[in-house]
Amino acid sequence: MTNLAATSAGAISARGPKPRTLTASRIGVYAFLIIAALFFLLPLWVMVVTSLKTLPEIRQGHLFNWPELLTFEPWLKAWDTACTGRDCNGLKPGFWNSVKITALSVPVSIVVAMINGYALSFWKYRGSEFLFGVLIFGAFVPYQVVIYPLIIGLSKVGLFATLPGIVIVHTIFGMPILTLLYRNFFASLPIELFKAGRVDWAGFWGIFFRIMLPMSVPITIVAVILQTTGIWNDFLFGTVFAGRENMPMTVQLNNIVTTTTGVREYNVNMAATILTAAVPLVVYFISGKWFVRGIAAGAVKG
Amino acid sequence: MTQVAQGGEGAAAGFASAATRRKPRLRKRLNVQSVLGTTPMIATAVGVFIICIIFSIIWSFTNSKLFPNFNFIGWAQYQRLWSTDRWIISVQNVAVFGVLSIVGGMVFGYLLAVFMDQRIKQEDLFRSIFLYPFAMSLVVTGLVWQWMFDPNLGIQSAVRQMGWTSFEFAPLVKQETALYGVVLGGLWNGVGVTMAIMLAGLRGVDSEIWKAAKVDGIPTWKTYLFVVLPMMRGAIATAFILQCTGVVRVFDIVIAMTQGGPGVSTQMPAIYVIQHITDRVNVGQGMAAATMMLLPVMVLIGLQYLVRWNANRRAGRA
Amino acid sequence: MTSSVSIRELSLSFGHVKVLESLDLEVAQGEFIVLLGPSGCGKSTLLNCIAGLLDVSDGEIHISGRNVTWDEPKDRGIGMVFQSYALYPQMTVERNLSFGLRVARMPKPEIDARVKRASEILQIEPLLQRKPVELSGGQRQRVAIGRALVRDVDVFLFDEPLSNLDAKLRSDLRIEIKRLHQRLKNTMIYVTHDQVEAMTLADRIAIMKNGVIQQLDDPHTIYNKPVNLFVAGFIGSPSMNFLRGQLTGTDISVDGQTISIASYPFESHAGGPAVLGIRPEHVALGDEARKMPVQIESEIELVEPMGADTIAWTKIGTQSLTFRAAAEVHLVPGQKVLIGFDPSRGSVFNAESGQRI
Ligand SMILES: Nc1ncnc2c1ncn2[C@@H]1O[C@H](COP(=O)(O)OP(=O)(O)O)[C@@H](O)[C@H]1O
Ligand SMILES: [Mg+2]
């Protein structure tokens, strides 16, 4: 380092990268993030440890401590025998109901929205934009404003409190966002793609199945994630439209926890809560970046 | 809120893109298949979002009890509504809840985004941590926080056991503080999303703006506050609309956390409506309340158009 | 000659990718230096290092005799202008100009005086109360220059400031920047990929390729005596003709045709594969060609009328050669013409190393 000699004695010449010192601001940044992370993680921790404790241990307090006596009893009970009122079948009927509802509603709502988005992008007709405007308006409408007439309507055709009924309801209320998602996606495709399809004399369905459907795989992944978590987590529609036979897991969870008869079994409640949250959490952690993309899809365009 | 938020964010995008997508891509022609293919959309748009709303409004002017009828009684349901303490408190509650959760969510969300923007190596990890509550339902959120807030066995007692015996933190048991407890639970669930939107907005800011600010010697925090934040209108608007729709619909979390109590301290309009069409068998009253819930949404949409119209006008002038 | 900016053995890498390696550059006080090179060659990276926006991997940077390698950008005595203007969008022009000074807690009268002076120089006084969205591209870039001006610094850095403007505005503003330099006599370091900007503005041009300065000279030398094939090919439009051949003594044989280039000022004598470079504008036609030391019969292949002049394509052996003819000369494809040139105005390069011989 020739320059060292050139500089005045004693002073170290500045050369190369600036020496990195762990500055106060850097520590502050990490401190903030870690404290925030603790705030977000704490409830999960509490849920897990509570669900693994015995009731006597819970009654001693020490909310945050790891259980002294590990027990999986509450999990079994939450799944199998926890009571809501007189029924003591645990969460499992609710789980299977949610599976049924989700498994039916997700594909139905996505297929419907996909066709909507496709038609709105390539096959507009008189009034189609107006319909879309109404749909977007529907995204903002508080559900309470339409729920009651919908109950009456579904009762009239005998679908109220049935599985097809709740599937229809989820399809209706998922339609605004999903249609928008697909419309924007199809509108971003090059128009030449569509024109090429027209040249080959493929009609509405021909172009849809042969060209558009294969192209919309990525956006459909986003839609599936969105709908699966959304429908699984639904509470209001489940309460109102599903009926006793098809009561989804969230509703049953709430009934188990808020049931007032007998002793409150906090460990069973927390095990039930985790069980209910498990499916969307698994979807979230598996899908990772896609989940964020689904959320961000709306954000980027602003 | 998962459901709710999805709707909101999509709608925000819809409005944002409406202006740019106005150019017609193709000549409109009537295609029978296209109309047939979109029957569900036609049915939903017309049947649900128009006809159902009209029926709700119509029944709000009737004395429908268990079953809807068409005995019109003028504004009586509304008079009764606005002289019912339960409703007035609900409206006050949702206002307080809304202001606190929106302001809190924006501030906390932006702060988190800013801190996440500091070239954090573990960014993905932190993002997952901040966002995972959003994947869980509001019922789950409500039940967890209810347990955490338990006066005898929750955070309060845990901290007391650690030696701080006068520590008080059990908001849900007191009328004055219950609402704040619900706000905290809601924030825990939804702040990650605001953070994600804000972070996307931050990342969208031209990197040369940052360089210019550094050359100008603007401290980082001032750049975030006075230069970058005003540039993120889109992200802020999206986050705002998203949270607004969530607030108007707030239902699940309250039911799970407090059932509207203690007393009526966490009653919400959405609960009021549901109670009147189920337990209280007073459909007319419920519909009047539902119609009132539609008002702020209408105002918001009107505002949105006004802003857009104003922006278009200004763009035209420049 | 006092150095205003002095860069010594500067290296910079992004992870494993070395963008700059042991780069040296001395810029004199008041000099206008242009960094010119294809996109991605590291020009902006170098400029950002000088500004302190990137942390260098090795080496030193001195500005106005001070070692600023570890200094913050604001303390380096530099002002910078960006391609995207980088104005603060929600602030008025006046605010944009004064924001940095306000933050630095400069007394108000001083701020006002500086803003006034800068806006006078740049003729943006009527725009002071407008916001950036209400300005045209050219006006925005003036404001951006003004923001550097109010800092009252010794060194101005420009990163492709005209690239976002249309052709007309670009040449207007180019002249304005030149005037500004003549008036202020600051040191300016200007990055561009546009050779016209470089030729017209620079006192000296540094031609860069892959993070290495190929040649640092005044525009005249760069144009007439390029040190290697890269510089020769990069500067000039249409670009220099390269005739590949075999050099023996002062004769070069191109596809069997022997051209005597005895008048060429050889810097070193080396035989073997060589490239003879002739600028299209140094090729003469017809009567003019008869006066040239080298004369060749050839056939016109293609004609491109450009208005002011005409570019014509011919062949020497199998290698094509373009030349610039006056617009009034009528040329048609297939026409036999006599062309000629003076080897002393050309360049000869070693075909292997690419270096000038
Ligand atoms: N932040 C960065 N991370 C990694 N590589 C970069 C970064 N910035 C620039 N580069 C790379 O460094 C090289 C030089 O870039 P730059 O200085 O911007 O070129 P230019 O001469 O066009 O201004 C390019 O190959 C570019 O890909
Ligand atoms: Mg560049």
# chains A, B, ... in the order shown; residues from 1 in each chain; ligands from 1
$ residues_near_ligand --ligand "ligand 2" --cutoff "8 Å" --atoms "only C-alpha atoms and all ligand atoms" --output "list in words"
Ser39, Gly40, Gly42, Lys43, Ser44, Thr45, Asp159, Glu160, Val191 and Thr192 of chain C
$ residues_near_ligand --ligand "ligand 1" --cutoff "10 Å" --atoms "only C-alpha atoms and all ligand atoms" --output "MDAnalysis selection string"
chainID C and resid 12:20 35:49 54 159:160 191:193 208:211
$ residues_around --residues "Ala82 (chain A)" --least-positions-apart "5" --cutoff "9 Å" --atoms "only C-alpha atoms" --output "list in words"
Leu76, Lys77, Asp87, Cys88, Asn89, Gly90, Leu91, Ile256, Val268, Asn269 and Ala272 of chain A
$ write_last_selection --atoms "C-alpha atoms" --output "tab-separated table (two decimals), in the first residue's frame"
chain	number	residue	atom	x	y	z
A	76	LEU	CA	-57.26	-36.03	21.09
A	77	LYS	CA	-60.13	-34.59	23.00
A	87	ASP	CA	-72.98	-33.25	20.86
A	88	CYS	CA	-69.62	-34.54	21.96
A	89	ASN	CA	-67.91	-35.45	18.69
A	90	GLY	CA	-65.06	-32.99	18.83
A	91	LEU	CA	-63.93	-31.00	15.86
A	256	ILE	CA	-66.67	-25.47	21.49
A	268	VAL	CA	-58.59	-28.43	24.68
A	269	ASN	CA	-59.68	-25.03	23.38
A	272	ALA	CA	-58.90	-27.04	18.78
$ atom_distance --atom1 "CA of Arg308 (chain B)" --atom2 "CA of Thr238 (chain B)"
14.0 Å
$ interface_residues --of "chain C" --to "chain A" --cutoff "9 Å" --atoms "only C-alpha atoms" --output "mmCIF file with N, CA and C atoms, in the first residue's frame"
data_model
loop_
_atom_site.group_PDB
_atom_site.id
_atom_site.type_symbol
_atom_site.label_atom_id
_atom_site.label_comp_id
_atom_site.auth_asym_id
_atom_site.auth_seq_id
_atom_site.Cartn_x
_atom_site.Cartn_y
_atom_site.Cartn_z
ATOM 1 N N LEU C 10 -8.975 1.956 -7.942
ATOM 2 C CA LEU C 10 -10.333 1.694 -7.474
ATOM 3 C C LEU C 10 -10.844 0.347 -7.990
ATOM 4 N N SER C 11 -11.349 -0.463 -7.070
ATOM 5 C CA SER C 11 -11.987 -1.717 -7.464
ATOM 6 C C SER C 11 -13.371 -1.776 -6.844
ATOM 7 N N ASP C 55 -20.089 1.679 -1.813
ATOM 8 C CA ASP C 55 -18.908 1.481 -0.995
ATOM 9 C C ASP C 55 -17.879 0.731 -1.843
ATOM 10 N N VAL C 56 -16.691 1.309 -1.988
ATOM 11 C CA VAL C 56 -15.714 0.686 -2.879
ATOM 12 C C VAL C 56 -15.159 -0.582 -2.243
ATOM 13 N N SER C 57 -14.659 -1.495 -3.092
ATOM 14 C CA SER C 57 -14.049 -2.716 -2.556
ATOM 15 C C SER C 57 -12.580 -2.477 -2.248
ATOM 16 N N ASP C 58 -11.954 -1.609 -3.028
ATOM 17 C CA ASP C 58 -10.553 -1.294 -2.768
ATOM 18 C C ASP C 58 -10.232 0.023 -3.460
ATOM 19 N N GLY C 59 -9.143 0.668 -3.020
ATOM 20 C CA GLY C 59 -8.688 1.890 -3.659
ATOM 21 C C GLY C 59 -9.120 3.140 -2.921
ATOM 22 N N GLU C 60 -8.736 4.273 -3.497
ATOM 23 C CA GLU C 60 -9.005 5.556 -2.841
ATOM 24 C C GLU C 60 -9.634 6.523 -3.809
ATOM 25 N N ILE C 61 -10.383 7.465 -3.236
ATOM 26 C CA ILE C 61 -10.947 8.543 -4.039
ATOM 27 C C ILE C 61 -10.604 9.854 -3.342
ATOM 28 N N ASN C 67 -8.942 13.108 0.878
ATOM 29 C CA ASN C 67 -9.305 11.705 0.725
ATOM 30 C C ASN C 67 -10.739 11.524 1.239
ATOM 31 N N VAL C 68 -11.647 11.233 0.331
ATOM 32 C CA VAL C 68 -13.064 11.142 0.709
ATOM 33 C C VAL C 68 -13.583 9.702 0.646
ATOM 34 N N THR C 69 -12.670 8.761 0.570
ATOM 35 C CA THR C 69 -13.073 7.368 0.351
ATOM 36 C C THR C 69 -14.143 6.905 1.338
ATOM 37 N N TRP C 70 -14.029 7.369 2.578
ATOM 38 C CA TRP C 70 -14.998 6.917 3.574
ATOM 39 C C TRP C 70 -16.045 7.975 3.909
ATOM 40 N N ASP C 71 -16.042 9.074 3.175
ATOM 41 C CA ASP C 71 -16.974 10.159 3.514
ATOM 42 C C ASP C 71 -18.377 9.888 2.979
#
$ residues_around --residues "region 247-249 of chain C" --least-positions-apart "3" --cutoff "9 Å" --atoms "only C-alpha atoms" --output "PyMOL selection string"
chain C and resi 252-253+262+269-275
$ write_last_selection --atoms "N, CA, C and O atoms" --output "PDB file, in the first residue's frame"
ATOM      1  N   ILE C 252       0.286  -3.541 -46.947  1.00  0.00           N
ATOM      2  CA  ILE C 252      -0.702  -4.446 -46.354  1.00  0.00           C
ATOM      3  C   ILE C 252      -1.477  -5.084 -47.493  1.00  0.00           C
ATOM      4  O   ILE C 252      -1.921  -4.400 -48.417  1.00  0.00           O
ATOM      5  N   SER C 253      -1.576  -6.411 -47.463  1.00  0.00           N
ATOM      6  CA  SER C 253      -2.314  -7.040 -48.537  1.00  0.00           C
ATOM      7  C   SER C 253      -3.679  -7.465 -48.020  1.00  0.00           C
ATOM      8  O   SER C 253      -3.800  -8.178 -47.034  1.00  0.00           O
ATOM      9  N   ALA C 262       2.860   3.544 -46.811  1.00  0.00           N
ATOM     10  CA  ALA C 262       4.148   4.088 -46.382  1.00  0.00           C
ATOM     11  C   ALA C 262       3.993   5.404 -45.634  1.00  0.00           C
ATOM     12  O   ALA C 262       4.794   5.718 -44.748  1.00  0.00           O
ATOM     13  N   HIS C 269       7.159  -1.192 -35.545  1.00  0.00           N
ATOM     14  CA  HIS C 269       7.134  -1.961 -36.782  1.00  0.00           C
ATOM     15  C   HIS C 269       6.930  -3.428 -36.465  1.00  0.00           C
ATOM     16  O   HIS C 269       7.703  -4.028 -35.745  1.00  0.00           O
ATOM     17  N   ALA C 270       5.860  -3.956 -36.967  1.00  0.00           N
ATOM     18  CA  ALA C 270       5.587  -5.370 -36.734  1.00  0.00           C
ATOM     19  C   ALA C 270       4.825  -5.881 -37.928  1.00  0.00           C
ATOM     20  O   ALA C 270       3.855  -5.257 -38.367  1.00  0.00           O
ATOM     21  N   GLY C 271       5.266  -6.975 -38.463  1.00  0.00           N
ATOM     22  CA  GLY C 271       4.541  -7.562 -39.571  1.00  0.00           C
ATOM     23  C   GLY C 271       3.455  -8.472 -39.062  1.00  0.00           C
ATOM     24  O   GLY C 271       3.145  -8.477 -37.880  1.00  0.00           O
ATOM     25  N   GLY C 272       2.836  -9.214 -39.956  1.00  0.00           N
ATOM     26  CA  GLY C 272       1.832 -10.183 -39.560  1.00  0.00           C
ATOM     27  C   GLY C 272       0.421  -9.681 -39.790  1.00  0.00           C
ATOM     28  O   GLY C 272       0.212  -8.660 -40.444  1.00  0.00           O
ATOM     29  N   PRO C 273      -0.554 -10.422 -39.264  1.00  0.00           N
ATOM     30  CA  PRO C 273      -1.957 -10.045 -39.467  1.00  0.00           C
ATOM     31  C   PRO C 273      -2.224  -8.659 -38.884  1.00  0.00           C
ATOM     32  O   PRO C 273      -1.812  -8.392 -37.751  1.00  0.00           O
ATOM     33  N   ALA C 274      -2.878  -7.833 -39.661  1.00  0.00           N
ATOM     34  CA  ALA C 274      -3.147  -6.471 -39.207  1.00  0.00           C
ATOM     35  C   ALA C 274      -4.500  -6.025 -39.717  1.00  0.00           C
ATOM     36  O   ALA C 274      -5.097  -6.672 -40.587  1.00  0.00           O
ATOM     37  N   VAL C 275      -4.992  -4.947 -39.121  1.00  0.00           N
ATOM     38  CA  VAL C 275      -6.261  -4.376 -39.544  1.00  0.00           C
ATOM     39  C   VAL C 275      -6.004  -2.924 -39.904  1.00  0.00           C
ATOM     40  O   VAL C 275      -5.428  -2.168 -39.108  1.00  0.00           O
TER      41      VAL C 275
END
$ closest_atom_pairs --of "chain B" --to "chain C" --cutoff "6 Å" --atoms "only C-alpha atoms" --output "JSON lines"
{"residue": "B:Glu208", "atom": "CA", "partner": "C:Ala86", "partner_atom": "CA", "distance": 5.6}
{"residue": "B:Ile209", "atom": "CA", "partner": "C:Ala86", "partner_atom": "CA", "distance": 4.7}
{"residue": "B:Val215", "atom": "CA", "partner": "C:Lys74", "partner_atom": "CA", "distance": 4.9}
{"residue": "B:Asp216", "atom": "CA", "partner": "C:Gly100", "partner_atom": "CA", "distance": 4.8}
{"residue": "B:Gly217", "atom": "CA", "partner": "C:Lys74", "partner_atom": "CA", "distance": 4.8}
{"residue": "B:Ala318", "atom": "CA", "partner": "C:Glu134", "partner_atom": "CA", "distance": 5.6}
$ write_last_selection --atoms "C-alpha atoms" --output "short mmCIF file (atom, residue, chain, number, x, y, z; two decimals), in the first residue's frame"
data_model
loop_
_atom_site.label_atom_id
_atom_site.label_comp_id
_atom_site.auth_asym_id
_atom_site.auth_seq_id
_atom_site.Cartn_x
_atom_site.Cartn_y
_atom_site.Cartn_z
CA GLU B 208 -32.26 7.39 -8.07
CA ILE B 209 -34.54 9.28 -5.69
CA VAL B 215 -26.22 13.43 -2.16
CA ASP B 216 -28.45 16.18 -0.76
CA GLY B 217 -27.62 14.94 2.71
CA ALA B 318 -50.86 19.63 -17.41
#
$ select_by_dssp --residues "region 145-303 of chain C" --states "helix (DSSP H, G or I)" --output "JSON, numbers by chain"
{"C": [145, 146, 147, 148, 149, 167, 168, 169, 170, 171, 172, 173, 174, 175, 176, 177, 178, 179, 180, 181, 182, 183, 184, 195, 196, 197, 198, 199, 200, 201, 219, 220, 221, 222, 223, 224, 229, 230, 231, 232, 233, 234, 280, 281, 282, 287, 288, 289, 290]}
$ residues_around --residues "region 200-206 of chain B" --least-positions-apart "4" --cutoff "12 Å" --atoms "only C-alpha atoms" --output "PyMOL selection string"
(chain A and resi 292-293+295-302) or (chain B and resi 109-119+193-196+210-213+223-225+227-239) or (chain C and resi 82-89)
$ write_last_selection --atoms "C-alpha atoms" --output "PDB file, in the first residue's frame"
ATOM      1  CA  VAL A 292     -47.548 -12.914  -0.807  1.00  0.00           C
ATOM      2  CA  ARG A 293     -47.986 -12.541  -4.543  1.00  0.00           C
ATOM      3  CA  ILE A 295     -51.915 -10.328  -1.654  1.00  0.00           C
ATOM      4  CA  ALA A 296     -49.542  -8.061  -3.508  1.00  0.00           C
ATOM      5  CA  ALA A 297     -51.371  -8.603  -6.805  1.00  0.00           C
ATOM      6  CA  GLY A 298     -53.660  -5.750  -5.927  1.00  0.00           C
ATOM      7  CA  ALA A 299     -50.995  -3.611  -4.362  1.00  0.00           C
ATOM      8  CA  VAL A 300     -48.556  -3.281  -7.210  1.00  0.00           C
ATOM      9  CA  LYS A 301     -51.019  -1.778  -9.605  1.00  0.00           C
ATOM     10  CA  GLY A 302     -51.951   1.172  -7.408  1.00  0.00           C
TER      11      GLY A 302
ATOM     12  CA  GLY B 109     -47.347  -1.412   8.855  1.00  0.00           C
ATOM     13  CA  TYR B 110     -45.267   1.390   7.374  1.00  0.00           C
ATOM     14  CA  LEU B 111     -42.785   1.227  10.235  1.00  0.00           C
ATOM     15  CA  LEU B 112     -42.384  -2.505   9.759  1.00  0.00           C
ATOM     16  CA  ALA B 113     -41.958  -2.036   6.012  1.00  0.00           C
ATOM     17  CA  VAL B 114     -39.329   0.649   6.552  1.00  0.00           C
ATOM     18  CA  PHE B 115     -37.387  -1.517   8.963  1.00  0.00           C
ATOM     19  CA  MET B 116     -37.697  -4.465   6.601  1.00  0.00           C
ATOM     20  CA  ASP B 117     -36.260  -2.257   3.877  1.00  0.00           C
ATOM     21  CA  GLN B 118     -32.892  -1.909   5.639  1.00  0.00           C
ATOM     22  CA  ARG B 119     -31.226  -4.728   3.756  1.00  0.00           C
ATOM     23  CA  VAL B 193     -50.541  -7.451   4.943  1.00  0.00           C
ATOM     24  CA  THR B 194     -50.261  -3.697   5.261  1.00  0.00           C
ATOM     25  CA  MET B 195     -46.544  -4.212   5.745  1.00  0.00           C
ATOM     26  CA  ALA B 196     -46.318  -6.350   2.593  1.00  0.00           C
ATOM     27  CA  TRP B 210     -32.636   7.635  -2.874  1.00  0.00           C
ATOM     28  CA  LYS B 211     -29.322   8.552  -4.418  1.00  0.00           C
ATOM     29  CA  ALA B 212     -30.406  12.147  -4.898  1.00  0.00           C
ATOM     30  CA  ALA B 213     -31.501  12.352  -1.280  1.00  0.00           C
ATOM     31  CA  THR B 223     -36.303  10.679   3.221  1.00  0.00           C
ATOM     32  CA  TYR B 224     -38.751   7.979   4.292  1.00  0.00           C
ATOM     33  CA  LEU B 225     -41.138  10.472   5.794  1.00  0.00           C
ATOM     34  CA  VAL B 227     -39.921  12.069   0.146  1.00  0.00           C
ATOM     35  CA  VAL B 228     -40.807   8.402  -0.127  1.00  0.00           C
ATOM     36  CA  LEU B 229     -44.067   8.237   1.832  1.00  0.00           C
ATOM     37  CA  PRO B 230     -45.820  10.840  -0.313  1.00  0.00           C
ATOM     38  CA  MET B 231     -44.660   8.909  -3.380  1.00  0.00           C
ATOM     39  CA  MET B 232     -46.477   5.763  -2.259  1.00  0.00           C
ATOM     40  CA  ARG B 233     -50.024   6.965  -2.803  1.00  0.00           C
ATOM     41  CA  GLY B 234     -50.973   3.778  -4.614  1.00  0.00           C
ATOM     42  CA  ALA B 235     -49.785   1.455  -1.880  1.00  0.00           C
ATOM     43  CA  ILE B 236     -51.329   3.620   0.806  1.00  0.00           C
ATOM     44  CA  ALA B 237     -54.649   3.776  -1.021  1.00  0.00           C
ATOM     45  CA  THR B 238     -54.696   0.007  -1.485  1.00  0.00           C
ATOM     46  CA  ALA B 239     -53.881  -0.631   2.165  1.00  0.00           C
TER      47      ALA B 239
ATOM     48  CA  PHE C  82     -29.596  11.678 -12.702  1.00  0.00           C
ATOM     49  CA  GLN C  83     -31.139  10.203 -15.802  1.00  0.00           C
ATOM     50  CA  SER C  84     -34.597   9.971 -14.266  1.00  0.00           C
ATOM     51  CA  TYR C  85     -34.211  13.505 -12.846  1.00  0.00           C
ATOM     52  CA  ALA C  86     -34.991  12.098  -9.382  1.00  0.00           C
ATOM     53  CA  LEU C  87     -36.894  15.191  -8.321  1.00  0.00           C
ATOM     54  CA  TYR C  88     -38.924  14.984  -5.131  1.00  0.00           C
ATOM     55  CA  PRO C  89     -42.345  14.719  -6.756  1.00  0.00           C
TER      56      PRO C  89
END
$ residues_around --residues "Ala76 (chain B)" --least-positions-apart "4" --cutoff "12 Å" --atoms "only C-alpha atoms" --output "ChimeraX atom specification"
/B:59-64,71-72,80-83,284-285,288
$ write_last_selection --atoms "C-alpha atoms" --output "PDB file, in the first residue's frame"
ATOM      1  CA  TRP B  59     -87.797  -4.473   3.851  1.00  0.00           C
ATOM      2  CA  SER B  60     -86.186  -1.794   5.937  1.00  0.00           C
ATOM      3  CA  PHE B  61     -89.344   0.233   5.384  1.00  0.00           C
ATOM      4  CA  THR B  62     -91.645  -2.575   6.542  1.00  0.00           C
ATOM      5  CA  ASN B  63     -92.550  -4.053   9.879  1.00  0.00           C
ATOM      6  CA  SER B  64     -91.219  -7.499   8.945  1.00  0.00           C
ATOM      7  CA  ASN B  71     -96.475  -3.703   5.305  1.00  0.00           C
ATOM      8  CA  PHE B  72     -94.791  -0.379   4.787  1.00  0.00           C
ATOM      9  CA  ARG B  80     -86.282   3.259  16.118  1.00  0.00           C
ATOM     10  CA  LEU B  81     -82.769   2.377  15.010  1.00  0.00           C
ATOM     11  CA  TRP B  82     -81.356   5.787  15.790  1.00  0.00           C
ATOM     12  CA  SER B  83     -83.089   5.885  19.145  1.00  0.00           C
ATOM     13  CA  GLY B 284     -87.316  -4.838   9.357  1.00  0.00           C
ATOM     14  CA  GLN B 285     -85.031  -3.455  12.035  1.00  0.00           C
ATOM     15  CA  ALA B 288     -82.675  -0.757   8.360  1.00  0.00           C
TER      16      ALA B 288
END
$ residues_around --residues "Thr228 (chain A)" --least-positions-apart "4" --cutoff "8 Å" --atoms "only C-alpha atoms" --output "tab-separated table (two decimals) with all heavy atoms, in the first residue's frame"
chain	number	residue	atom	x	y	z
A	102	THR	N	-64.84	-26.61	1.20
A	102	THR	CA	-63.70	-26.01	0.50
A	102	THR	C	-63.43	-26.74	-0.81
A	102	THR	O	-63.23	-26.10	-1.86
A	102	THR	CB	-62.44	-26.05	1.39
A	102	THR	OG1	-62.77	-25.49	2.66
A	102	THR	CG2	-61.30	-25.26	0.77
A	106	VAL	N	-63.93	-24.15	-3.94
A	106	VAL	CA	-62.74	-23.60	-4.60
A	106	VAL	C	-62.79	-23.82	-6.11
A	106	VAL	O	-62.73	-22.86	-6.87
A	106	VAL	CB	-61.44	-24.18	-3.98
A	106	VAL	CG1	-60.23	-23.79	-4.80
A	106	VAL	CG2	-61.28	-23.68	-2.55
A	224	VAL	N	-56.21	-20.33	-6.23
A	224	VAL	CA	-56.48	-21.48	-5.36
A	224	VAL	C	-56.05	-21.18	-3.93
A	224	VAL	O	-56.78	-21.45	-2.96
A	224	VAL	CB	-55.77	-22.76	-5.89
A	224	VAL	CG1	-55.80	-23.86	-4.85
A	224	VAL	CG2	-56.43	-23.24	-7.18
A	232	TRP	N	-61.83	-21.63	3.92
A	232	TRP	CA	-61.60	-22.38	5.16
A	232	TRP	C	-61.80	-21.47	6.38
A	232	TRP	O	-62.35	-21.88	7.40
A	232	TRP	CB	-60.18	-22.95	5.18
A	232	TRP	CG	-59.99	-23.91	6.29
A	232	TRP	CD1	-59.69	-23.60	7.60
A	232	TRP	CD2	-60.15	-25.33	6.25
A	232	TRP	NE1	-59.64	-24.73	8.35
A	232	TRP	CE2	-59.91	-25.81	7.55
A	232	TRP	CE3	-60.46	-26.24	5.23
A	232	TRP	CZ2	-59.97	-27.18	7.86
A	232	TRP	CZ3	-60.52	-27.57	5.54
A	232	TRP	CH2	-60.28	-28.03	6.85
A	280	PRO	N	-55.01	-23.65	6.76
A	280	PRO	CA	-54.50	-22.44	6.08
A	280	PRO	C	-53.03	-22.17	6.38
A	280	PRO	O	-52.32	-21.66	5.51
A	280	PRO	CB	-55.38	-21.32	6.62
A	280	PRO	CG	-56.14	-21.88	7.76
A	280	PRO	CD	-56.17	-23.35	7.60
$ select_by_dssp --residues "region 135-176 of chain C" --states "strand (DSSP E)" --output "NGL selection string"
:C and (155-159)
$ closest_residue --among "B:Leu184, B:Leu172, B:Val248, B:Leu179" --to "chain A" --atoms "only C-alpha atoms"
B:Val248
$ atom_distance --atom1 "CA of Glu31 (chain C)" --atom2 "CA of Ile111 (chain C)"
27.3 Å
$ atom_distance --atom1 "CA of Ala118 (chain C)" --atom2 "CA of Val155 (chain C)"
15.6 Å
